[in-house]
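Q: Got a structure for you, data_30.txt, holding compact mmCIF, C-alpha atoms.
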```txt
# COMPACT_ATOMS: atom_id res chain seq x y z
CA MET A 266 -5.59 -21.11 -0.10
CA SER A 267 -9.33 -21.17 -0.61
CA ALA A 268 -11.49 -18.05 -0.80
CA THR A 269 -13.67 -17.25 2.18
CA LYS A 270 -17.33 -16.25 1.95
CA THR A 271 -16.65 -12.56 2.62
CA VAL A 272 -13.49 -11.29 0.97
CA PRO A 273 -12.50 -7.61 1.20
CA ARG A 274 -12.36 -5.91 -2.16
CA HIS A 275 -9.40 -3.78 -1.06
CA ILE A 276 -6.75 -4.72 1.52
CA ALA A 277 -4.13 -2.22 2.73
CA ILE A 278 -1.09 -3.30 4.73
CA ILE A 279 1.36 -1.45 6.97
CA MET A 280 4.37 -3.73 6.57
CA ASP A 281 6.10 -3.15 9.89
CA GLY A 282 8.92 -4.99 11.63
CA ASN A 283 11.68 -5.57 9.06
CA GLY A 284 14.32 -3.86 11.21
CA ARG A 285 13.30 -5.70 14.37
CA TRP A 286 13.29 -9.00 12.49
CA ALA A 287 16.90 -8.41 11.45
CA LYS A 288 17.96 -7.19 14.90
CA GLN A 289 16.57 -10.30 16.58
CA ARG A 290 18.83 -12.36 14.33
CA GLY A 291 21.91 -10.16 14.62
CA LEU A 292 21.66 -9.17 10.96
CA PRO A 293 21.96 -5.79 9.20
CA ARG A 294 18.64 -3.96 8.81
CA ILE A 295 18.75 -4.32 5.01
CA LYS A 296 18.50 -8.11 5.45
CA GLY A 297 15.17 -7.54 7.15
CA HIS A 298 14.00 -5.48 4.20
CA GLU A 299 15.14 -8.19 1.79
CA GLU A 300 13.12 -10.77 3.70
CA GLY A 301 10.23 -8.33 3.75
CA ALA A 302 10.31 -8.26 -0.06
CA LYS A 303 9.74 -12.04 -0.01
CA ALA A 304 6.69 -11.49 2.19
CA VAL A 305 5.38 -9.00 -0.40
CA ARG A 306 5.50 -11.75 -3.02
CA GLU A 307 3.71 -14.21 -0.77
CA CYS A 308 1.01 -11.71 0.22
CA THR A 309 0.46 -10.66 -3.40
CA GLU A 310 0.02 -14.28 -4.41
CA GLY A 311 -2.36 -14.84 -1.50
CA CYS A 312 -4.53 -11.87 -2.46
CA GLY A 313 -4.65 -13.12 -6.04
CA GLU A 314 -5.80 -16.55 -4.86
CA LEU A 315 -8.47 -15.00 -2.64
CA LYS A 316 -9.71 -12.85 -5.55
CA VAL A 317 -8.99 -9.56 -3.77
CA ASP A 318 -9.27 -6.71 -6.29
CA PHE A 319 -6.83 -4.19 -4.74
CA LEU A 320 -3.82 -4.52 -2.44
CA THR A 321 -2.07 -1.36 -1.19
CA LEU A 322 1.30 -1.77 0.52
CA TYR A 323 2.95 0.96 2.61
CA ALA A 324 6.36 0.44 1.03
CA PHE A 325 8.18 3.71 1.84
CA SER A 326 6.75 6.56 3.89
CA ALA A 327 7.48 10.27 3.58
CA GLU A 328 9.07 10.01 7.03
CA ASN A 329 11.41 7.20 5.90
CA TRP A 330 13.58 9.78 4.12
CA ARG A 331 14.83 10.75 7.60
CA ARG A 332 16.54 7.38 8.05
CA PRO A 333 20.34 7.10 7.64
CA LYS A 334 21.40 7.84 4.07
CA ALA A 335 22.97 4.41 3.66
CA GLU A 336 19.71 2.68 4.57
CA VAL A 337 17.64 4.92 2.29
CA PHE A 338 20.07 4.25 -0.58
CA ALA A 339 19.86 0.50 0.05
CA LEU A 340 16.05 0.64 0.15
CA MET A 341 15.90 2.46 -3.18
CA ARG A 342 18.24 -0.11 -4.72
CA LEU A 343 16.07 -2.87 -3.30
CA LEU A 344 12.96 -1.23 -4.77
CA GLU A 345 14.54 -1.12 -8.23
CA LYS A 346 15.71 -4.71 -7.94
CA PHE A 347 12.30 -5.88 -6.77
CA LEU A 348 10.50 -4.13 -9.63
CA LYS A 349 12.93 -5.35 -12.27
CA GLU A 350 12.92 -8.97 -11.09
CA LYS A 351 9.22 -9.25 -10.25
CA THR A 352 7.66 -7.54 -13.29
CA PRO A 353 7.72 -10.77 -15.38
CA GLU A 354 6.06 -12.56 -12.46
CA LEU A 355 3.41 -9.83 -12.17
CA LEU A 356 2.69 -10.31 -15.87
CA GLU A 357 2.43 -14.06 -15.42
CA LYS A 358 0.07 -13.68 -12.45
CA ASN A 359 -2.06 -11.03 -14.23
CA VAL A 360 -1.24 -8.38 -11.58
CA ARG A 361 -1.48 -4.68 -12.50
CA LEU A 362 1.07 -2.47 -10.74
CA GLN A 363 0.25 1.07 -9.62
CA ALA A 364 1.87 3.57 -7.22
CA ILE A 365 0.77 6.48 -5.04
CA GLY A 366 2.72 9.17 -3.19
CA ARG A 367 5.10 11.97 -4.10
CA LEU A 368 6.79 9.76 -6.69
CA THR A 369 9.00 12.54 -8.04
CA ASP A 370 10.88 12.40 -4.71
CA LEU A 371 12.28 8.99 -5.72
CA PRO A 372 15.71 8.77 -7.37
CA GLY A 373 15.57 9.05 -11.16
CA SER A 374 16.53 5.43 -11.80
CA ALA A 375 13.85 4.18 -9.38
CA GLN A 376 11.24 6.39 -11.06
CA LYS A 377 12.16 5.02 -14.49
CA GLN A 378 11.96 1.41 -13.38
CA LEU A 379 8.66 2.07 -11.62
CA HIS A 380 7.16 3.62 -14.76
CA ARG A 381 8.47 0.73 -16.88
CA SER A 382 6.85 -1.81 -14.57
CA ILE A 383 3.57 0.11 -14.45
CA GLU A 384 3.48 0.34 -18.25
CA ALA A 385 4.37 -3.32 -18.69
CA THR A 386 1.48 -4.47 -16.47
CA ALA A 387 -1.07 -1.86 -17.52
CA LYS A 388 -3.27 -4.28 -19.48
CA ASN A 389 -3.50 -6.87 -16.69
CA ASP A 390 -7.00 -7.16 -15.24
CA GLY A 391 -6.44 -9.26 -12.11
CA LEU A 392 -5.25 -7.96 -8.75
CA THR A 393 -4.16 -4.30 -8.69
CA LEU A 394 -1.03 -3.96 -6.54
CA ILE A 395 -0.55 -0.37 -5.33
CA LEU A 396 2.79 0.62 -3.82
CA ALA A 397 2.69 3.64 -1.49
CA LEU A 398 6.09 5.28 -2.06
CA SER A 399 7.29 8.52 -0.50
CA TYR A 400 3.75 8.52 0.82
CA GLY A 401 2.27 10.46 3.73
CA GLY A 402 -1.42 10.71 4.54
CA ARG A 403 -1.16 14.34 5.65
CA ASP A 404 0.83 15.23 2.53
CA GLU A 405 -1.87 13.62 0.40
CA ILE A 406 -4.61 15.67 2.07
CA ILE A 407 -2.61 18.89 1.62
CA ASP A 408 -1.96 18.03 -2.05
CA GLY A 409 -5.68 17.31 -2.46
CA ILE A 410 -6.59 20.72 -1.03
CA LYS A 411 -4.13 22.42 -3.39
CA SER A 412 -5.61 20.50 -6.33
CA LEU A 413 -9.12 21.60 -5.38
CA LEU A 414 -8.02 25.22 -5.03
CA ARG A 415 -6.46 25.13 -8.51
CA ALA A 416 -9.66 23.67 -9.95
CA VAL A 417 -11.70 26.47 -8.33
CA GLU A 418 -9.27 29.17 -9.52
CA LEU A 419 -9.41 27.83 -13.07
CA GLY A 420 -13.18 27.78 -12.98
CA HIS A 421 -13.43 24.02 -13.44
CA ILE A 422 -15.58 23.68 -10.33
CA ASP A 423 -17.49 26.01 -8.02
CA LYS A 424 -16.46 25.92 -4.36
CA ALA A 425 -20.07 25.15 -3.45
CA MET A 426 -19.61 21.80 -5.23
CA ILE A 427 -16.92 20.64 -2.80
CA ASP A 428 -18.03 17.69 -0.70
CA VAL A 429 -16.58 14.36 0.46
CA GLU A 430 -16.98 12.74 -2.95
CA MET A 431 -15.44 15.69 -4.78
CA PHE A 432 -12.47 15.85 -2.40
CA SER A 433 -11.82 12.12 -2.80
CA LYS A 434 -11.44 12.69 -6.55
CA HIS A 435 -8.44 14.95 -5.85
CA LEU A 436 -6.49 12.43 -3.76
CA TYR A 437 -3.76 10.06 -4.95
CA THR A 438 -6.24 7.21 -4.55
CA ARG A 439 -8.98 8.68 -6.74
CA TYR A 440 -8.95 5.64 -9.05
CA TYR A 441 -9.37 3.08 -6.26
CA PRO A 442 -12.03 2.21 -3.67
CA ASP A 443 -11.31 2.85 0.01
CA PRO A 444 -9.73 -0.12 1.83
CA ASP A 445 -12.12 -2.55 3.47
CA LEU A 446 -9.40 -4.09 5.65
CA LEU A 447 -6.17 -2.58 7.00
CA ILE A 448 -3.59 -5.04 8.32
CA ARG A 449 -0.67 -3.92 10.47
CA THR A 450 2.14 -6.26 11.40
CA SER A 451 4.52 -6.07 14.43
CA GLY A 452 1.74 -5.32 16.95
CA GLU A 453 1.98 -1.52 16.83
CA MET A 454 -1.38 0.21 17.38
CA ARG A 455 -1.20 3.24 15.11
CA LEU A 456 -1.87 4.29 11.52
CA SER A 457 1.54 5.92 11.01
CA ASN A 458 0.20 8.55 8.61
CA PHE A 459 -1.16 5.92 6.18
CA LEU A 460 -4.37 6.49 4.19
CA LEU A 461 -5.80 8.78 6.86
CA TRP A 462 -8.77 9.93 4.77
CA GLN A 463 -9.49 6.56 3.16
CA THR A 464 -9.53 4.43 6.33
CA SER A 465 -12.40 6.28 8.06
CA TYR A 466 -14.54 3.11 8.05
CA THR A 467 -11.88 0.50 7.36
CA GLU A 468 -11.72 -2.61 9.55
CA LEU A 469 -8.38 -2.78 11.42
CA TYR A 470 -6.46 -6.00 12.04
CA VAL A 471 -3.22 -5.96 14.03
CA THR A 472 -0.94 -8.99 14.33
CA PRO A 473 2.20 -9.28 16.50
CA LYS A 474 4.02 -11.03 13.66
CA LEU A 475 6.86 -9.09 12.10
CA TRP A 476 6.40 -8.46 8.39
CA PRO A 477 9.04 -10.95 7.13
CA ASP A 478 7.19 -13.69 9.06
CA PHE A 479 3.78 -12.81 7.57
CA LYS A 480 2.65 -15.70 5.37
CA LYS A 481 -0.37 -16.66 3.28
CA LYS A 482 -1.96 -18.38 6.26
CA ASP A 483 -1.69 -15.14 8.26
CA LEU A 484 -3.38 -13.27 5.44
CA ALA A 485 -6.13 -15.89 5.37
CA GLU A 486 -6.65 -15.50 9.13
CA ALA A 487 -7.01 -11.73 8.75
CA VAL A 488 -9.54 -12.16 5.95
CA GLU A 489 -11.48 -14.74 7.97
CA GLU A 490 -11.63 -12.30 10.91
CA PHE A 491 -12.84 -9.60 8.52
CA GLY A 492 -15.63 -11.93 7.40
CA ARG A 493 -16.87 -12.27 10.99
CA ARG A 494 -17.28 -8.52 11.50
CA GLN A 495 -20.34 -6.39 10.90
CA ARG A 496 -19.66 -3.11 9.10
CA ARG A 497 -22.31 -0.56 10.07
CA TYR A 498 -20.72 2.70 8.81
CA GLY A 499 -22.13 4.61 11.78
CA GLY A 500 -25.59 3.03 11.51
CA VAL A 501 -27.32 0.52 13.76
```
Before anything else, please render the file you have as structure tokens.
A:
Amino acid sequence: MSATKTVPRHIAIIMDGNGRWAKQRGLPRIKGHEEGAKAVRECTEGCGELKVDFLTLYAFSAENWRRPKAEVFALMRLLEKFLKEKTPELLEKNVRLQAIGRLTDLPGSAQKQLHRSIEATAKNDGLTLILALSYGGRDEIIDGIKSLLRAVELGHIDKAMIDVEMFSKHLYTRYYPDPDLLIRTSGEMRLSNFLLWQTSYTELYVTPKLWPDFKKKDLAEAVEEFGRRQRRYGGV
């Protein structure tokens, strides 16, 4: 896959449609999630080939905890398995793993494996792969407000200093640039509580393809479409 003239520095993806993919084939929902994990690998490789700097994947939302306990348990097991098996590949491909969200909500074993994988890839300087886990955009904004209030109470900052830039430094994503392109699979037209603050001027790209069917060529098409757009940020 060749790089296009205009490549987004940061791509975020709402990976939607695993359950529907499985249902269409008469399979258990977890099979859809397993196939979705394969699509993660393909998309990560594609972003590396295109020289994208950051890729953020909506892997498990704060609302996903409401799903049946058996499915949540299976998803956490799948997360651990994915991290354990793919960490050597991330090292080989020079991918740095990061995570955002209320990570302490994850089961202890998943947290440990996540931290091991993050530590193992910390020195990589290629693509940064960010997994949004137990993540909610509204939760992030509330946590950011609380962090700002603590900083004011401790005297670290004056409340008069609070502006857009200052607030952004108190979000989970403070170490990363805002996404240039947000891709959503499955054709749904909503943000689903994902990166609400950060996507204010992000280009949106929606495809009817279900996430397990999303391939490198689909990623390339999204990036090519991005390259044809003019980003004016409210200007003329």
Q: Give me, please, the distance in Å between atom CA of Tyr400 of chain A and atom CA of Thr438 of chain A, quoted to one decimal.
A: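 Atom-to-atom, atom CA of Tyr400 of chain A to atom CA of Thr438 of chain A, that is 11.4 Å.
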Q: Would you mind telling me which residue in A:Ser399, A:Thr472, A:Ser433, A:Thr464 lies nearest to Glu486 of chain A when using all atoms listed in the file?
A: A:Thr472
Q: Restricting the calculation to only C-alpha atoms: of A:Leu340, A:Ile406, A:Leu322, A:Met454, which residue gets closest to Ala304 of chain A?
A: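 Closest to Ala304 of chain A of all the choices is A:Leu322.
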Q: Which value, in Å to one decimal, gives the distance between atom CA of Thr467 of chain A and atom CA of Asp404 of chain A?
A: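 Taking atom CA of Thr467 of chain A as the start and atom CA of Asp404 of chain A as the end point, the length is 20.0 Å.
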Q: Of the candidates A:Leu419, A:Arg455, A:Gly492, A:Ala375, which one gets nearest to Lys349 of chain A if we count only C-alpha atoms?
A: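 Ranked by minimum distance to Lys349 of chain A, first place goes to A:Ala375.
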Q: Could you list, as a VMD selection string, every residue within 12 Å of Ile422 of chain A, counting only C-alpha atoms and ignoring same-chain residues fewer than 5 positions away?
A: chain A and resid 412 to 417 427 to 428 431 to 432
Q: Export C-alpha atoms of the chosen residues as a PDB file, in the frame of the given file?
A:
```
ATOM      1  CA  SER A 412      -5.610  20.500  -6.330  1.00  0.00           C
ATOM      2  CA  LEU A 413      -9.120  21.600  -5.380  1.00  0.00           C
ATOM      3  CA  LEU A 414      -8.020  25.220  -5.030  1.00  0.00           C
ATOM      4  CA  ARG A 415      -6.460  25.130  -8.510  1.00  0.00           C
ATOM      5  CA  ALA A 416      -9.660  23.670  -9.950  1.00  0.00           C
ATOM      6  CA  VAL A 417     -11.700  26.470  -8.330  1.00  0.00           C
ATOM      7  CA  ILE A 427     -16.920  20.640  -2.800  1.00  0.00           C
ATOM      8  CA  ASP A 428     -18.030  17.690  -0.700  1.00  0.00           C
ATOM      9  CA  MET A 431     -15.440  15.690  -4.780  1.00  0.00           C
ATOM     10  CA  PHE A 432     -12.470  15.850  -2.400  1.00  0.00           C
TER      11      PHE A 432
END
```
Q: Could you pull the residues within 6 Å of segment 387-392 of chain A, counting only C-alpha atoms, minus those fewer than 4 positions along the same chain, as a ChimeraX atom specification?
A: /A:313,318-319,359-361,383
Q: Would you kindly identify which residues have an atom no farther than 12 Å from (1.5, -6.2, -5.2), using only C-alpha atoms and the file's own coordinates, and write them out as a PyMOL selection string?
A: chain A and resi 275-278+302-313+317-324+347-348+351-352+354-356+358-364+382-383+386+391-397
Q: Residues as selected, C-alpha atoms, written as a compact mmCIF listing (two decimals), keeping the file's coordinate frame, can you do that?
A:
```txt
# COMPACT_ATOMS: atom_id res chain seq x y z
CA HIS A 275 -9.40 -3.78 -1.06
CA ILE A 276 -6.75 -4.72 1.52
CA ALA A 277 -4.13 -2.22 2.73
CA ILE A 278 -1.09 -3.30 4.73
CA ALA A 302 10.31 -8.26 -0.06
CA LYS A 303 9.74 -12.04 -0.01
CA ALA A 304 6.69 -11.49 2.19
CA VAL A 305 5.38 -9.00 -0.40
CA ARG A 306 5.50 -11.75 -3.02
CA GLU A 307 3.71 -14.21 -0.77
CA CYS A 308 1.01 -11.71 0.22
CA THR A 309 0.46 -10.66 -3.40
CA GLU A 310 0.02 -14.28 -4.41
CA GLY A 311 -2.36 -14.84 -1.50
CA CYS A 312 -4.53 -11.87 -2.46
CA GLY A 313 -4.65 -13.12 -6.04
CA VAL A 317 -8.99 -9.56 -3.77
CA ASP A 318 -9.27 -6.71 -6.29
CA PHE A 319 -6.83 -4.19 -4.74
CA LEU A 320 -3.82 -4.52 -2.44
CA THR A 321 -2.07 -1.36 -1.19
CA LEU A 322 1.30 -1.77 0.52
CA TYR A 323 2.95 0.96 2.61
CA ALA A 324 6.36 0.44 1.03
CA PHE A 347 12.30 -5.88 -6.77
CA LEU A 348 10.50 -4.13 -9.63
CA LYS A 351 9.22 -9.25 -10.25
CA THR A 352 7.66 -7.54 -13.29
CA GLU A 354 6.06 -12.56 -12.46
CA LEU A 355 3.41 -9.83 -12.17
CA LEU A 356 2.69 -10.31 -15.87
CA LYS A 358 0.07 -13.68 -12.45
CA ASN A 359 -2.06 -11.03 -14.23
CA VAL A 360 -1.24 -8.38 -11.58
CA ARG A 361 -1.48 -4.68 -12.50
CA LEU A 362 1.07 -2.47 -10.74
CA GLN A 363 0.25 1.07 -9.62
CA ALA A 364 1.87 3.57 -7.22
CA SER A 382 6.85 -1.81 -14.57
CA ILE A 383 3.57 0.11 -14.45
CA THR A 386 1.48 -4.47 -16.47
CA GLY A 391 -6.44 -9.26 -12.11
CA LEU A 392 -5.25 -7.96 -8.75
CA THR A 393 -4.16 -4.30 -8.69
CA LEU A 394 -1.03 -3.96 -6.54
CA ILE A 395 -0.55 -0.37 -5.33
CA LEU A 396 2.79 0.62 -3.82
CA ALA A 397 2.69 3.64 -1.49
```
Q: Using only C-alpha atoms, can you tell me which of A:Arg494, A:His435, A:Lys482, A:Lys424 comes closest to Leu469 of chain A?
A: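 Under the stated criterion, the closest residue is A:Arg494.
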Q: Mind writing segment 450-490 of chain A to a file for me, with N, CA and C atoms, as a compact mmCIF listing (two decimals), in the first residue's frame?
A:
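Just written: out25.txt:
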```txt
# COMPACT_ATOMS: atom_id res chain seq x y z
N THR A 450 -17.00 2.33 11.04
CA THR A 450 -17.52 1.24 10.22
C THR A 450 -18.97 0.94 10.57
N SER A 451 -19.63 0.13 9.74
CA SER A 451 -21.01 -0.37 9.92
C SER A 451 -22.08 0.63 9.50
N GLY A 452 -21.69 1.83 9.05
CA GLY A 452 -22.67 2.78 8.51
C GLY A 452 -23.42 3.61 9.52
N GLU A 453 -23.16 3.43 10.81
CA GLU A 453 -23.88 4.22 11.82
C GLU A 453 -23.36 5.65 11.84
N MET A 454 -24.28 6.61 11.95
CA MET A 454 -23.93 8.03 11.87
C MET A 454 -23.93 8.69 13.25
N ARG A 455 -23.04 8.25 14.12
CA ARG A 455 -22.95 8.88 15.44
C ARG A 455 -21.55 8.67 16.01
N LEU A 456 -21.21 9.50 16.99
CA LEU A 456 -19.88 9.44 17.61
C LEU A 456 -19.80 8.43 18.74
N SER A 457 -20.95 8.06 19.30
CA SER A 457 -20.99 7.05 20.37
C SER A 457 -20.07 7.37 21.53
N ASN A 458 -20.03 8.64 21.93
CA ASN A 458 -19.30 9.06 23.12
C ASN A 458 -17.79 8.86 22.98
N PHE A 459 -17.28 9.01 21.77
CA PHE A 459 -15.85 8.78 21.48
C PHE A 459 -15.15 10.09 21.16
N LEU A 460 -14.14 10.44 21.95
CA LEU A 460 -13.28 11.60 21.70
C LEU A 460 -14.10 12.86 21.39
N LEU A 461 -15.08 13.14 22.24
CA LEU A 461 -16.00 14.25 21.98
C LEU A 461 -15.29 15.60 21.92
N TRP A 462 -14.34 15.83 22.80
CA TRP A 462 -13.60 17.10 22.81
C TRP A 462 -12.63 17.16 21.62
N GLN A 463 -11.94 16.05 21.38
CA GLN A 463 -10.84 16.04 20.42
C GLN A 463 -11.29 16.07 18.96
N THR A 464 -12.52 15.69 18.68
CA THR A 464 -12.97 15.59 17.28
C THR A 464 -13.71 16.83 16.79
N SER A 465 -13.54 17.95 17.48
CA SER A 465 -14.25 19.18 17.10
C SER A 465 -14.05 19.55 15.64
N TYR A 466 -12.84 19.35 15.11
CA TYR A 466 -12.55 19.69 13.72
C TYR A 466 -12.01 18.50 12.94
N THR A 467 -12.32 17.31 13.40
CA THR A 467 -11.88 16.09 12.74
C THR A 467 -12.74 15.79 11.52
N GLU A 468 -12.12 15.33 10.45
CA GLU A 468 -12.87 14.89 9.27
C GLU A 468 -13.49 13.52 9.55
N LEU A 469 -14.77 13.36 9.22
CA LEU A 469 -15.49 12.12 9.48
C LEU A 469 -15.62 11.30 8.20
N TYR A 470 -15.44 10.00 8.33
CA TYR A 470 -15.57 9.09 7.19
C TYR A 470 -16.33 7.86 7.67
N VAL A 471 -17.50 7.63 7.10
CA VAL A 471 -18.34 6.50 7.50
C VAL A 471 -18.43 5.50 6.34
N THR A 472 -18.19 4.24 6.63
CA THR A 472 -18.30 3.19 5.63
C THR A 472 -19.34 2.16 6.08
N PRO A 473 -20.12 1.60 5.16
CA PRO A 473 -21.10 0.58 5.55
C PRO A 473 -20.47 -0.75 5.90
N LYS A 474 -19.19 -0.92 5.62
CA LYS A 474 -18.53 -2.20 5.91
C LYS A 474 -18.51 -2.47 7.41
N LEU A 475 -18.76 -3.70 7.79
CA LEU A 475 -18.64 -4.10 9.19
C LEU A 475 -17.15 -4.24 9.51
N TRP A 476 -16.80 -3.99 10.77
CA TRP A 476 -15.38 -3.93 11.13
C TRP A 476 -14.58 -5.16 10.71
N PRO A 477 -15.05 -6.39 10.90
CA PRO A 477 -14.24 -7.54 10.49
C PRO A 477 -13.92 -7.57 9.00
N ASP A 478 -14.71 -6.85 8.20
CA ASP A 478 -14.50 -6.82 6.75
C ASP A 478 -13.64 -5.64 6.30
N PHE A 479 -13.20 -4.81 7.25
CA PHE A 479 -12.43 -3.61 6.93
C PHE A 479 -10.97 -4.00 6.69
N LYS A 480 -10.50 -3.77 5.47
CA LYS A 480 -9.16 -4.19 5.06
C LYS A 480 -8.27 -2.98 4.76
N LYS A 481 -7.02 -3.28 4.41
CA LYS A 481 -6.07 -2.21 4.10
C LYS A 481 -6.57 -1.32 2.96
N LYS A 482 -7.20 -1.93 1.98
CA LYS A 482 -7.68 -1.14 0.84
C LYS A 482 -8.79 -0.17 1.28
N ASP A 483 -9.58 -0.57 2.27
CA ASP A 483 -10.62 0.32 2.79
C ASP A 483 -10.00 1.48 3.55
N LEU A 484 -8.94 1.19 4.29
CA LEU A 484 -8.20 2.25 4.98
C LEU A 484 -7.62 3.23 3.96
N ALA A 485 -7.03 2.69 2.90
CA ALA A 485 -6.44 3.53 1.86
C ALA A 485 -7.49 4.43 1.22
N GLU A 486 -8.69 3.89 1.00
CA GLU A 486 -9.78 4.69 0.41
C GLU A 486 -10.18 5.83 1.33
N ALA A 487 -10.23 5.56 2.63
CA ALA A 487 -10.57 6.60 3.60
C ALA A 487 -9.51 7.70 3.61
N VAL A 488 -8.26 7.30 3.55
CA VAL A 488 -7.16 8.27 3.56
C VAL A 488 -7.15 9.08 2.26
N GLU A 489 -7.46 8.44 1.14
CA GLU A 489 -7.53 9.15 -0.13
C GLU A 489 -8.66 10.19 -0.11
N GLU A 490 -9.80 9.81 0.48
CA GLU A 490 -10.92 10.75 0.61
C GLU A 490 -10.51 11.93 1.50
```
